[in-house]
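Quick look at start_13.pdb (PDB, C-alpha atoms):
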ATOM      1  CA  MET L   2     -22.775  -4.784  15.271
ATOM      2  CA  LYS L   3     -21.493  -1.974  17.457
ATOM      3  CA  ILE L   4     -18.376  -0.179  16.292
ATOM      4  CA  ASN L   5     -15.848   1.506  18.560
ATOM      5  CA  THR L   6     -12.770   3.301  17.338
ATOM      6  CA  THR L   7     -10.153   3.702  19.969
ATOM      7  CA  ALA L   8      -6.702   5.136  20.194
ATOM      8  CA  PRO L   9      -5.027   2.881  22.707
ATOM      9  CA  THR L  10      -3.523   4.540  25.755
ATOM     10  CA  GLU L  11      -0.835   1.903  25.518
ATOM     11  CA  PRO L  12       0.278   0.781  22.058
ATOM     12  CA  THR L  13      -0.111  -2.924  21.349
ATOM     13  CA  ASP L  14       3.066  -5.014  21.516
ATOM     14  CA  LEU L  15       3.217  -5.171  17.744
ATOM     15  CA  GLN L  16       2.689  -1.414  17.325
ATOM     16  CA  LYS L  17       5.454  -0.766  19.847
ATOM     17  CA  LEU L  18       7.794  -3.164  18.122
ATOM     18  CA  ILE L  19       7.221  -1.555  14.716
ATOM     19  CA  ALA L  20       7.605   1.979  16.094
ATOM     20  CA  GLU L  21      10.942   1.040  17.621
ATOM     21  CA  LEU L  22      12.415  -0.692  14.575
ATOM     22  CA  PRO L  23      15.774   0.830  13.700
ATOM     23  CA  PHE L  24      16.249   2.302  10.229
ATOM     24  CA  ASP L  25      17.150  -0.519   7.880
ATOM     25  CA  PRO L  26      18.423   0.574   4.450
ATOM     26  CA  ALA L  27      17.832  -2.891   2.976
ATOM     27  CA  ALA L  28      14.208  -2.911   4.104
ATOM     28  CA  GLU L  29      13.682   0.650   2.871
ATOM     29  CA  ALA L  30      15.180  -0.330  -0.500
ATOM     30  CA  GLU L  31      12.738  -3.218  -0.641
ATOM     31  CA  PHE L  32       9.841  -0.840  -0.037
ATOM     32  CA  GLN L  33      11.005   1.683  -2.630
ATOM     33  CA  GLY L  34      11.604  -1.157  -5.097
ATOM     34  CA  LEU L  35       8.037  -2.374  -4.637
ATOM     35  CA  MET L  36       6.718   1.146  -5.181
ATOM     36  CA  LEU L  37       8.755   1.503  -8.375
ATOM     37  CA  VAL L  38       7.620  -1.853  -9.735
ATOM     38  CA  GLU L  39       4.052  -0.803  -9.042
ATOM     39  CA  GLU L  40       4.522   2.402 -11.067
ATOM     40  CA  ILE L  41       5.894   0.416 -13.992
ATOM     41  CA  LEU L  42       3.180  -2.263 -13.788
ATOM     42  CA  LYS L  43       0.418   0.372 -13.675
ATOM     43  CA  LEU L  44       1.754   2.127 -16.778
ATOM     44  CA  MET L  45       2.116  -1.235 -18.532
ATOM     45  CA  LYS L  46      -1.485  -2.102 -17.687
ATOM     46  CA  GLN L  47      -2.783   1.295 -18.842
ATOM     47  CA  GLN L  48      -0.991   0.977 -22.149
ATOM     48  CA  GLY L  49      -1.580  -2.756 -22.585
ATOM     49  CA  VAL L  50       2.144  -3.427 -22.780
ATOM     50  CA  LYS L  51       3.194  -6.987 -21.974
ATOM     51  CA  ARG L  52       6.557  -7.942 -20.453
ATOM     52  CA  LYS L  53       7.935  -9.208 -23.744
ATOM     53  CA  GLU L  54       7.053  -5.952 -25.494
ATOM     54  CA  LEU L  55       8.578  -3.908 -22.668
ATOM     55  CA  ALA L  56      11.831  -5.858 -22.955
ATOM     56  CA  LYS L  57      11.895  -5.178 -26.687
ATOM     57  CA  ARG L  58      11.280  -1.468 -26.190
ATOM     58  CA  MET L  59      13.899  -1.289 -23.433
ATOM     59  CA  GLY L  60      16.400  -3.079 -25.608
ATOM     60  CA  VAL L  61      17.067  -5.774 -23.014
ATOM     61  CA  GLY L  62      16.353  -9.479 -22.726
ATOM     62  CA  PRO L  63      13.025 -10.670 -21.234
ATOM     63  CA  SER L  64      14.850 -12.114 -18.217
ATOM     64  CA  ARG L  65      16.032  -8.617 -17.255
ATOM     65  CA  VAL L  66      12.423  -7.404 -17.239
ATOM     66  CA  THR L  67      11.347 -10.391 -15.146
ATOM     67  CA  ALA L  68      14.144  -9.716 -12.660
ATOM     68  CA  MET L  69      13.211  -6.022 -12.532
ATOM     69  CA  LEU L  70       9.514  -6.719 -11.949
ATOM     70  CA  ASN L  71      10.195  -9.359  -9.314
ATOM     71  CA  GLY L  72      11.551  -6.529  -7.239
ATOM     72  CA  SER L  73      14.164  -8.796  -5.758
ATOM     73  CA  SER L  74      17.024  -7.081  -7.543
ATOM     74  CA  ASN L  75      18.530  -3.694  -6.954
ATOM     75  CA  PHE L  76      17.575  -1.330  -9.730
ATOM     76  CA  LYS L  77      20.197   0.117 -11.933
ATOM     77  CA  LEU L  78      19.472   3.759 -12.650
ATOM     78  CA  GLU L  79      19.893   3.120 -16.335
ATOM     79  CA  THR L  80      17.333   0.286 -16.229
ATOM     80  CA  LEU L  81      14.797   2.627 -14.651
ATOM     81  CA  ILE L  82      15.443   5.285 -17.252
ATOM     82  CA  ARG L  83      15.055   2.689 -19.998
ATOM     83  CA  ALA L  84      11.794   1.438 -18.485
ATOM     84  CA  ALA L  85      10.341   4.934 -18.122
ATOM     85  CA  HIS L  86      11.339   5.836 -21.667
ATOM     86  CA  ALA L  87       9.938   2.582 -23.031
ATOM     87  CA  LEU L  88       6.571   3.551 -21.554
ATOM     88  CA  GLY L  89       6.735   7.073 -22.977
ATOM     89  CA  GLY L  90       7.506   8.651 -19.619
ATOM     90  CA  THR L  91      10.449  10.259 -17.914
ATOM     91  CA  TYR L  92      12.233   9.103 -14.791
ATOM     92  CA  HIS L  93      12.443  11.468 -11.802
ATOM     93  CA  HIS L  94      13.713  11.116  -8.294
ATOM     94  CA  VAL L  95      13.855  13.230  -5.199
ATOM     95  CA  ILE L  96      15.577  13.295  -1.832
ATOM     96  CA  CYS L  97      13.261  14.681   0.781
ATOM     97  CA  PRO L  98      14.930  17.225   3.112
ATOM     98  CA  PRO L  99      14.804  16.656   6.900
ATOM     99  CA  ASP L 100      11.479  17.262   8.672
ATOM    100  CA  MET L 101       9.636  17.475   5.359
ATOM    101  CA  LYS L 102       7.113  15.219   3.685
ATOM    102  CA  CYS L 103       7.159  14.628  -0.031
ATOM    103  CA  LYS L 104       4.302  14.312  -2.505
ATOM    104  CA  TRP L 105       4.504  14.022  -6.251
ATOM    105  CA  THR L 106       2.176  15.832  -8.599
ATOM    106  CA  PHE L 107       1.715  15.241 -12.289
ATOM    107  CA  TYR L 108       0.273  18.078 -14.319
ATOM    108  CA  ARG L 109      -0.118  19.261 -17.873
ATOM    109  CA  GLU L 110       1.421  22.625 -18.603
ATOM    110  CA  SER L 111      -1.601  23.596 -20.719
ATOM    111  CA  GLU L 112      -3.937  23.028 -17.748
ATOM    112  CA  THR L 113      -1.935  25.090 -15.276
ATOM    113  CA  HIS L 114      -2.777  28.649 -14.312
ATOM    114  CA  ASN L 115      -0.307  31.280 -15.494
ATOM    115  CA  ALA L 116       0.515  32.127 -11.891
ATOM    116  CA  PHE L 117       2.277  28.766 -11.580
ATOM    117  CA  SER L 118       4.231  28.985 -14.793
ATOM    118  CA  PRO L 119       8.014  28.983 -14.420
ATOM    119  CA  LEU L 120       8.261  32.392 -16.090
ATOM    120  CA  ILE L 121       6.068  34.058 -13.492
ATOM    121  CA  ARG L 122       7.602  32.144 -10.616
ATOM    122  CA  ALA L 123      10.984  33.472 -11.645
ATOM    123  CA  ASN L 124       9.706  37.037 -11.374
ATOM    124  CA  LYS L 125       9.385  37.456  -7.622
ATOM    125  CA  LYS L 126       7.215  40.563  -7.793
ATOM    126  CA  ALA L 127       4.565  38.846  -9.826
ATOM    127  CA  SER L 128       4.562  35.633  -7.817
ATOM    128  CA  SER L 129       2.978  37.303  -4.793
ATOM    129  CA  THR L 130       0.127  38.872  -6.738
ATOM    130  CA  PHE L 131      -2.458  37.185  -8.846
ATOM    131  CA  VAL L 132      -3.205  39.262 -11.882
ATOM    132  CA  ILE L 133      -6.205  38.289 -13.885
ATOM    133  CA  THR L 134      -5.619  39.141 -17.497
ATOM    134  CA  LYS L 135      -8.416  40.353 -19.706
ATOM    135  CA  SER L 136      -8.768  37.061 -21.518
ATOM    136  CA  GLU L 137      -9.288  35.255 -18.222
ATOM    137  CA  GLN L 138     -11.954  37.612 -16.880
ATOM    138  CA  ALA L 139     -15.424  36.157 -16.863
ATOM    139  CA  THR L 140     -17.354  37.094 -19.927
ATOM    140  CA  ASP L 141     -21.078  37.670 -20.111
ATOM    141  CA  ASP L 142     -21.414  34.256 -21.735
ATOM    142  CA  ASP L 143     -19.776  32.626 -18.723
ATOM    143  CA  ALA L 144     -22.128  34.423 -16.393
ATOM    144  CA  LYS L 145     -25.129  33.244 -18.377
ATOM    145  CA  ALA L 146     -23.829  29.694 -18.424
ATOM    146  CA  ALA L 147     -23.401  29.722 -14.644
TER     147      ALA L 147
ATOM    148  CA  MET D  13     -21.588 -19.402  17.406
ATOM    149  CA  LYS D  14     -21.338 -17.908  20.897
ATOM    150  CA  ASN D  15     -23.286 -14.823  21.829
ATOM    151  CA  SER D  16     -21.684 -11.379  21.972
ATOM    152  CA  LEU D  17     -18.491 -11.826  20.030
ATOM    153  CA  GLU D  18     -15.682  -9.331  20.330
ATOM    154  CA  ILE D  19     -13.823  -8.406  17.172
ATOM    155  CA  SER D  20     -10.672  -6.378  17.525
ATOM    156  CA  LEU D  21      -8.948  -4.908  14.477
ATOM    157  CA  LYS D  22      -5.540  -3.736  15.645
ATOM    158  CA  THR D  23      -3.837  -1.322  13.289
ATOM    159  CA  VAL D  24      -0.401  -2.408  12.165
ATOM    160  CA  HIS D  25       0.092   0.271   9.551
ATOM    161  CA  LEU D  26      -1.864   3.185   8.128
ATOM    162  CA  GLY D  27      -1.049   3.914   4.498
ATOM    163  CA  SER D  28      -2.468   6.659   2.317
ATOM    164  CA  ALA D  29      -4.954   4.243   0.737
ATOM    165  CA  LYS D  30      -5.428   1.448   3.247
ATOM    166  CA  ARG D  31      -5.335   0.541   6.899
ATOM    167  CA  VAL D  32      -3.601  -2.735   7.693
ATOM    168  CA  THR D  33      -4.866  -4.503  10.794
ATOM    169  CA  THR D  34      -4.690  -7.881  12.422
ATOM    170  CA  LEU D  35      -7.917  -9.652  13.290
ATOM    171  CA  GLY D  36      -8.739 -10.781  16.781
ATOM    172  CA  ILE D  37     -11.955 -12.658  17.515
ATOM    173  CA  ASN D  38     -12.580 -13.062  21.254
ATOM    174  CA  GLN D  39      -8.935 -12.209  22.041
ATOM    175  CA  LYS D  40      -7.610 -14.821  19.623
ATOM    176  CA  ASP D  41      -5.443 -13.040  17.064
ATOM    177  CA  GLN D  42      -3.357 -15.423  14.971
ATOM    178  CA  ALA D  43      -1.814 -12.823  12.662
ATOM    179  CA  ASN D  44      -0.709 -10.706  15.621
ATOM    180  CA  ASP D  45       0.859 -13.749  17.290
ATOM    181  CA  TYR D  46       2.470 -14.840  14.030
ATOM    182  CA  LEU D  47       4.036 -11.418  13.394
ATOM    183  CA  LEU D  48       5.285 -11.065  16.974
ATOM    184  CA  LYS D  49       6.855 -14.506  16.826
ATOM    185  CA  LEU D  50       8.355 -13.825  13.397
ATOM    186  CA  SER D  51       9.932 -10.568  14.587
ATOM    187  CA  LYS D  52      11.975 -12.586  17.048
ATOM    188  CA  SER D  53      12.741 -15.707  14.998
ATOM    189  CA  ASN D  54      13.306 -13.968  11.659
ATOM    190  CA  PRO D  55      13.699 -10.166  12.002
ATOM    191  CA  GLN D  56      14.628  -9.758   8.330
ATOM    192  CA  GLY D  57      11.631 -11.699   7.142
ATOM    193  CA  PHE D  58       9.423  -9.690   9.472
ATOM    194  CA  GLN D  59      10.750  -6.404   8.039
ATOM    195  CA  SER D  60      10.238  -7.711   4.538
ATOM    196  CA  LEU D  61       6.603  -8.630   5.195
ATOM    197  CA  LEU D  62       6.038  -5.271   6.846
ATOM    198  CA  LYS D  63       7.486  -3.335   3.902
ATOM    199  CA  ARG D  64       5.268  -5.292   1.540
ATOM    200  CA  LEU D  65       2.204  -4.452   3.607
ATOM    201  CA  GLN D  66       3.261  -0.807   3.631
ATOM    202  CA  ALA D  67       3.648  -0.731  -0.147
ATOM    203  CA  ILE D  68       0.251  -2.387  -0.639
ATOM    204  CA  ALA D  69      -1.345   0.131   1.743
ATOM    205  CA  GLU D  70      -0.183   2.996  -0.482
ATOM    206  CA  HIS D  71      -2.207   1.785  -3.460
ATOM    207  CA  ASP D  72      -5.902   1.404  -4.194
ATOM    208  CA  SER D  73      -5.153  -1.638  -6.279
ATOM    209  CA  PHE D  74      -1.912  -3.547  -6.283
ATOM    210  CA  GLU D  75      -0.668  -4.995  -9.567
ATOM    211  CA  ASN D  76       2.376  -6.879  -8.338
ATOM    212  CA  LYS D  77       1.092 -10.443  -8.207
ATOM    213  CA  ASN D  78       4.458 -11.719  -6.959
ATOM    214  CA  THR D  79       3.792  -9.883  -3.729
ATOM    215  CA  TYR D  80       0.019  -9.761  -3.362
ATOM    216  CA  ARG D  81      -1.851 -12.682  -4.850
ATOM    217  CA  HIS D  82      -5.447 -13.799  -4.764
ATOM    218  CA  VAL D  83      -5.602 -17.372  -3.445
ATOM    219  CA  GLY D  84      -9.358 -17.854  -3.612
ATOM    220  CA  ASP D  85     -12.471 -16.714  -1.797
ATOM    221  CA  GLN D  86     -11.187 -13.118  -1.606
ATOM    222  CA  VAL D  87      -8.232 -14.147   0.530
ATOM    223  CA  PHE D  88      -4.967 -12.563  -0.562
ATOM    224  CA  GLU D  89      -1.504 -13.827   0.168
ATOM    225  CA  VAL D  90       1.284 -11.351   0.933
ATOM    226  CA  LYS D  91       4.466 -13.115  -0.052
ATOM    227  CA  THR D  92       8.136 -12.351   0.511
ATOM    228  CA  THR D  93      10.924 -13.535  -1.767
ATOM    229  CA  THR D  94      12.072 -15.881   1.002
ATOM    230  CA  GLY D  95       8.750 -17.721   1.084
ATOM    231  CA  LEU D  96       7.054 -16.150   4.094
ATOM    232  CA  ARG D  97       3.344 -15.698   3.760
ATOM    233  CA  LEU D  98       0.721 -13.597   5.457
ATOM    234  CA  TYR D  99      -2.922 -14.243   4.629
ATOM    235  CA  THR D 100      -5.189 -11.220   4.424
ATOM    236  CA  PHE D 101      -8.533 -10.142   3.070
ATOM    237  CA  PRO D 102      -9.898  -6.717   2.144
ATOM    238  CA  ASP D 103     -12.901  -5.198   3.867
ATOM    239  CA  THR D 104     -14.606  -1.871   4.436
ATOM    240  CA  ILE D 105     -16.433  -0.696   7.521
ATOM    241  CA  LYS D 106     -19.172   1.901   7.426
ATOM    242  CA  GLY D 107     -17.986   5.317   8.541
ATOM    243  CA  GLN D 108     -14.317   4.469   8.116
ATOM    244  CA  ALA D 109     -12.421   6.404   5.460
ATOM    245  CA  HIS D 110      -9.779   3.792   4.845
ATOM    246  CA  GLN D 111     -10.256   0.457   3.174
ATOM    247  CA  LEU D 112      -8.990  -2.323   5.372
ATOM    248  CA  ILE D 113      -6.527  -5.074   4.782
ATOM    249  CA  ILE D 114      -7.148  -7.552   7.543
ATOM    250  CA  ALA D 115      -4.386 -10.021   8.284
ATOM    251  CA  VAL D 116      -5.667 -13.311   9.625
ATOM    252  CA  SER D 117      -2.798 -15.765   9.757
ATOM    253  CA  GLY D 118       0.645 -16.560   8.476
ATOM    254  CA  GLY D 119       2.764 -19.384   7.253
ATOM    255  CA  LYS D 120       5.740 -20.177   5.133
ATOM    256  CA  LYS D 121       6.424 -21.905   1.902
ATOM    257  CA  GLY D 122       5.978 -25.554   2.693
ATOM    258  CA  ASN D 123       4.646 -28.326   0.557
ATOM    259  CA  LYS D 124       1.466 -27.771  -1.367
ATOM    260  CA  LYS D 125      -0.667 -29.577   1.184
ATOM    261  CA  GLU D 126       0.519 -27.390   4.070
ATOM    262  CA  GLN D 127       0.014 -24.274   2.013
ATOM    263  CA  GLN D 128      -3.519 -25.317   1.064
ATOM    264  CA  ALA D 129      -4.250 -25.998   4.736
ATOM    265  CA  ASP D 130      -2.978 -22.496   5.647
ATOM    266  CA  ILE D 131      -5.174 -20.962   2.965
ATOM    267  CA  ALA D 132      -8.221 -22.965   4.072
ATOM    268  CA  LYS D 133      -7.628 -21.820   7.653
ATOM    269  CA  ALA D 134      -7.439 -18.186   6.556
ATOM    270  CA  GLN D 135     -10.638 -18.565   4.531
ATOM    271  CA  GLN D 136     -12.370 -20.059   7.558
ATOM    272  CA  ILE D 137     -11.306 -17.169   9.841
ATOM    273  CA  LYS D 138     -12.573 -14.733   7.226
ATOM    274  CA  LYS D 139     -15.935 -16.556   7.150
ATOM    275  CA  ASP D 140     -16.145 -16.435  10.961
ATOM    276  CA  TYR D 141     -15.440 -12.709  10.866
ATOM    277  CA  LEU D 142     -18.085 -11.990   8.232
ATOM    278  CA  ALA D 143     -20.639 -14.071  10.146
ATOM    279  CA  ALA D 144     -19.781 -12.271  13.396
ATOM    280  CA  LYS D 145     -20.111  -8.892  11.672
ATOM    281  CA  LYS D 146     -23.714  -9.678  10.803
ATOM    282  CA  LEU D 147     -24.701 -10.323  14.425
ATOM    283  CA  LYS D 148     -26.193  -7.362  16.239
ATOM    284  CA  SER D 149     -24.546  -8.277  19.518
ATOM    285  CA  THR D 150     -21.012  -8.240  18.104
ATOM    286  CA  GLN D 151     -18.680  -5.566  19.430
ATOM    287  CA  LEU D 152     -16.164  -4.398  16.837
ATOM    288  CA  THR D 153     -13.220  -2.297  17.943
ATOM    289  CA  ILE D 154     -10.767  -0.632  15.622
ATOM    290  CA  VAL D 155      -7.576  -0.029  17.535
ATOM    291  CA  ARG D 156      -5.828   2.910  15.920
ATOM    292  CA  LEU D 157      -2.154   3.741  15.953
ATOM    293  CA  PRO D 158      -1.096   5.666  19.085
ATOM    294  CA  ASN D 159      -0.048   8.748  17.085
ATOM    295  CA  GLU D 160      -3.130   8.823  14.879
ATOM    296  CA  ASN D 161      -5.455  11.832  15.071
TER     297      ASN D 161
END
Once you've parsed the file, please lay out its structure as structure tokens.
Amino acid sequence: MKINTTAPTEPTDLQKLIAELPFDPAAEAEFQGLMLVEEILKLMKQQGVKRKELAKRMGVGPSRVTAMLNGSSNFKLETLIRAAHALGGTYHHVICPPDMKCKWTFYRESETHNAFSPLIRANKKASSTFVITKSEQATDDDAKAA
Amino acid sequence: MKNSLEISLKTVHLGSAKRVTTLGINQKDQANDYLLKLSKSNPQGFQSLLKRLQAIAEHDSFENKNTYRHVGDQVFEVKTTTGLRLYTFPDTIKGQAHQLIIAVSGGKKGNKKEQQADIAKAQQIKKDYLAAKKLKSTQLTIVRLPNEN
């Protein structure tokens, strides 16, 4: 089998059609709803939480959980907060400013370098310089291990 | 099977995890035709299918079985709440960073018999594709998005 990868000089009819689709809030809501449901389902899978248990933890009836996970309903903010809390998490949202892309990062505070801590970020002088404290300098043991 | 088959995978959407394409074998591309037709006859349904594909393409594995369901023989059904269906299968191609979701055909919620026939058709197209891939003479083209680097 021979493989070619081409960027078409002319987009295909379907590509053109998709590129020219007007912004549709309902369709965008559908997409964001699917992404949210996926987040919830992944956490449920990780923690081995079934729908019935989630409903119990959220303090709602099982039918509400089914409706939420079907993704066909609009989410109530409170439902999302309940779901996140029920899975031991917190709910966050963001509105991306114009001409920007948005990416989420999860991190543990204990695994983050001091330079990124809120205290240092607040101090503008320190934020532009990386200062390695004594405890962070490589010890002889580290050198041997390397 | 004829000699020198031409496979054309036309990108519909490029997500952060997966590339969604339609599958054309010797210029015959049922999913492409289905989606083009749907965009005219049912623009809302078309958008809905598209958004579902986009959401699936953002994830390495998709848990939402209401939207993306295995219907046998590694064929997956992308389903809207209004009963539209697009049949796809996953694949990888050497040297390509993205996993592929290849759309082969579409249909809508009909009776069980019609649905089974749609699924069988999709499974057959997938088989034809895999057989064609094994032939040395086959030409496979991945048509990227126009704005892709």
Applying 10 Å and all atoms listed in the file, which residues near segment 2-18 of chain L remain after dropping the ones on its own chain fewer than 6 positions away? List them as a PyMOL selection string. chain D and resi 16-25+34+44-45+47-48+51+105-108+144-161
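Distances from L:Gln33, L:Gln48, L:Thr106, L:Ser64 to Ala87 of chain L were compared using all atoms listed in the file, and the smallest one belongs to L:Gln48.
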*asked:* For the PyMOL selection byres ((chain D and resi 62-76) around 10), applied here, can you spell out every residue it catches as a count of residues only?
replied: 51
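The smallest atom-to-atom distance between chain D and any of L:Arg109, L:Arg65, L:Lys104, L:Lys53, using all atoms listed in the file, is found for L:Lys104.
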| message | Let me make sure I understand: among D:Gln127, D:Thr33, D:Gln136, D:Ser53, which one has the smallest atom-to-atom distance to Ile114 of chain D if we use only C-alpha atoms? | response |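 Counting only C-alpha atoms, the residue closest to Ile114 of chain D is D:Thr33.
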_As a check of understanding, name the residues that the PyMOL selection byres ((chain D and resi 135) around 12) selects in the supplied structure, as a list in words._
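Selected by the PyMOL selection byres ((chain D and resi 135) around 12) here: His82, Val83, Gly84, Asp85, Gln86, Val87, Phe88, Glu89, Tyr99, Thr100, Phe101, Ile114, Ala115, Val116, Ser117, Gln128, Ala129, Asp130, Ile131, Ala132, Lys133, Ala134, Gln136, Ile137, Lys138, Lys139, Asp140, Tyr141 and Leu142 of chain D.
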Would you save the residues of that selection, restricted to C-alpha atoms, as a PDB file, in the frame of the given file?
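Below you can see result04.pdb, which holds the result:
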ATOM      1  CA  HIS D  82      -5.447 -13.799  -4.764  1.00  0.00           C
ATOM      2  CA  VAL D  83      -5.602 -17.372  -3.445  1.00  0.00           C
ATOM      3  CA  GLY D  84      -9.358 -17.854  -3.612  1.00  0.00           C
ATOM      4  CA  ASP D  85     -12.471 -16.714  -1.797  1.00  0.00           C
ATOM      5  CA  GLN D  86     -11.187 -13.118  -1.606  1.00  0.00           C
ATOM      6  CA  VAL D  87      -8.232 -14.147   0.530  1.00  0.00           C
ATOM      7  CA  PHE D  88      -4.967 -12.563  -0.562  1.00  0.00           C
ATOM      8  CA  GLU D  89      -1.504 -13.827   0.168  1.00  0.00           C
ATOM      9  CA  TYR D  99      -2.922 -14.243   4.629  1.00  0.00           C
ATOM     10  CA  THR D 100      -5.189 -11.220   4.424  1.00  0.00           C
ATOM     11  CA  PHE D 101      -8.533 -10.142   3.070  1.00  0.00           C
ATOM     12  CA  ILE D 114      -7.148  -7.552   7.543  1.00  0.00           C
ATOM     13  CA  ALA D 115      -4.386 -10.021   8.284  1.00  0.00           C
ATOM     14  CA  VAL D 116      -5.667 -13.311   9.625  1.00  0.00           C
ATOM     15  CA  SER D 117      -2.798 -15.765   9.757  1.00  0.00           C
ATOM     16  CA  GLN D 128      -3.519 -25.317   1.064  1.00  0.00           C
ATOM     17  CA  ALA D 129      -4.250 -25.998   4.736  1.00  0.00           C
ATOM     18  CA  ASP D 130      -2.978 -22.496   5.647  1.00  0.00           C
ATOM     19  CA  ILE D 131      -5.174 -20.962   2.965  1.00  0.00           C
ATOM     20  CA  ALA D 132      -8.221 -22.965   4.072  1.00  0.00           C
ATOM     21  CA  LYS D 133      -7.628 -21.820   7.653  1.00  0.00           C
ATOM     22  CA  ALA D 134      -7.439 -18.186   6.556  1.00  0.00           C
ATOM     23  CA  GLN D 136     -12.370 -20.059   7.558  1.00  0.00           C
ATOM     24  CA  ILE D 137     -11.306 -17.169   9.841  1.00  0.00           C
ATOM     25  CA  LYS D 138     -12.573 -14.733   7.226  1.00  0.00           C
ATOM     26  CA  LYS D 139     -15.935 -16.556   7.150  1.00  0.00           C
ATOM     27  CA  ASP D 140     -16.145 -16.435  10.961  1.00  0.00           C
ATOM     28  CA  TYR D 141     -15.440 -12.709  10.866  1.00  0.00           C
ATOM     29  CA  LEU D 142     -18.085 -11.990   8.232  1.00  0.00           C
TER      30      LEU D 142
END
Expressed in Å, the length from atom CA of Leu96 of chain D to atom CA of Glu21 of chain L is 22.2 Å
Taken to one decimal, the atom CA of Arg97 of chain D-atom CA of Leu44 of chain L distance is 27.2 Å
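Our summary of the geometry notes that atom CA of Pro99 of chain L is positioned 18.8 Å from atom CA of Ala20 of chain L.
Compared by their closest atoms to chain D, and using all atoms listed in the file, the residues L:Pro23, L:Gly90, L:Gly60, L:Pro98 rank with L:Pro23 nearest.
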Please put the answer as JSON: centre and edge lengths, in Å with one decimal, of a box along x, y and z that encloses all listed atoms of segment 118-131 of chain D plus 6 Å on each side.
{"center_x": 0.6, "center_y": -23.1, "center_z": 3.6, "size_x": 23.6, "size_y": 25.0, "size_z": 21.8}
Could you name the residues that touch Trp105 of chain L at 12 Å or less, counting all atoms listed in the file, but leaving out those on the same chain fewer than 6 positions away, as a PDB file with C-alpha atoms, in the coordinates of the input?
ATOM      1  CA  HIS L  93      12.443  11.468 -11.802  1.00  0.00           C
ATOM      2  CA  HIS L  94      13.713  11.116  -8.294  1.00  0.00           C
ATOM      3  CA  VAL L  95      13.855  13.230  -5.199  1.00  0.00           C
ATOM      4  CA  ILE L  96      15.577  13.295  -1.832  1.00  0.00           C
ATOM      5  CA  CYS L  97      13.261  14.681   0.781  1.00  0.00           C
TER       6      CYS L  97
END
With distances taken over all atoms listed in the file, which residue among D:Asp103, D:Ala43, D:Lys125, D:Gly118 lies nearest chain L?
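Of D:Asp103, D:Ala43, D:Lys125, D:Gly118, the one nearest chain L, counting all atoms listed in the file, is D:Ala43.
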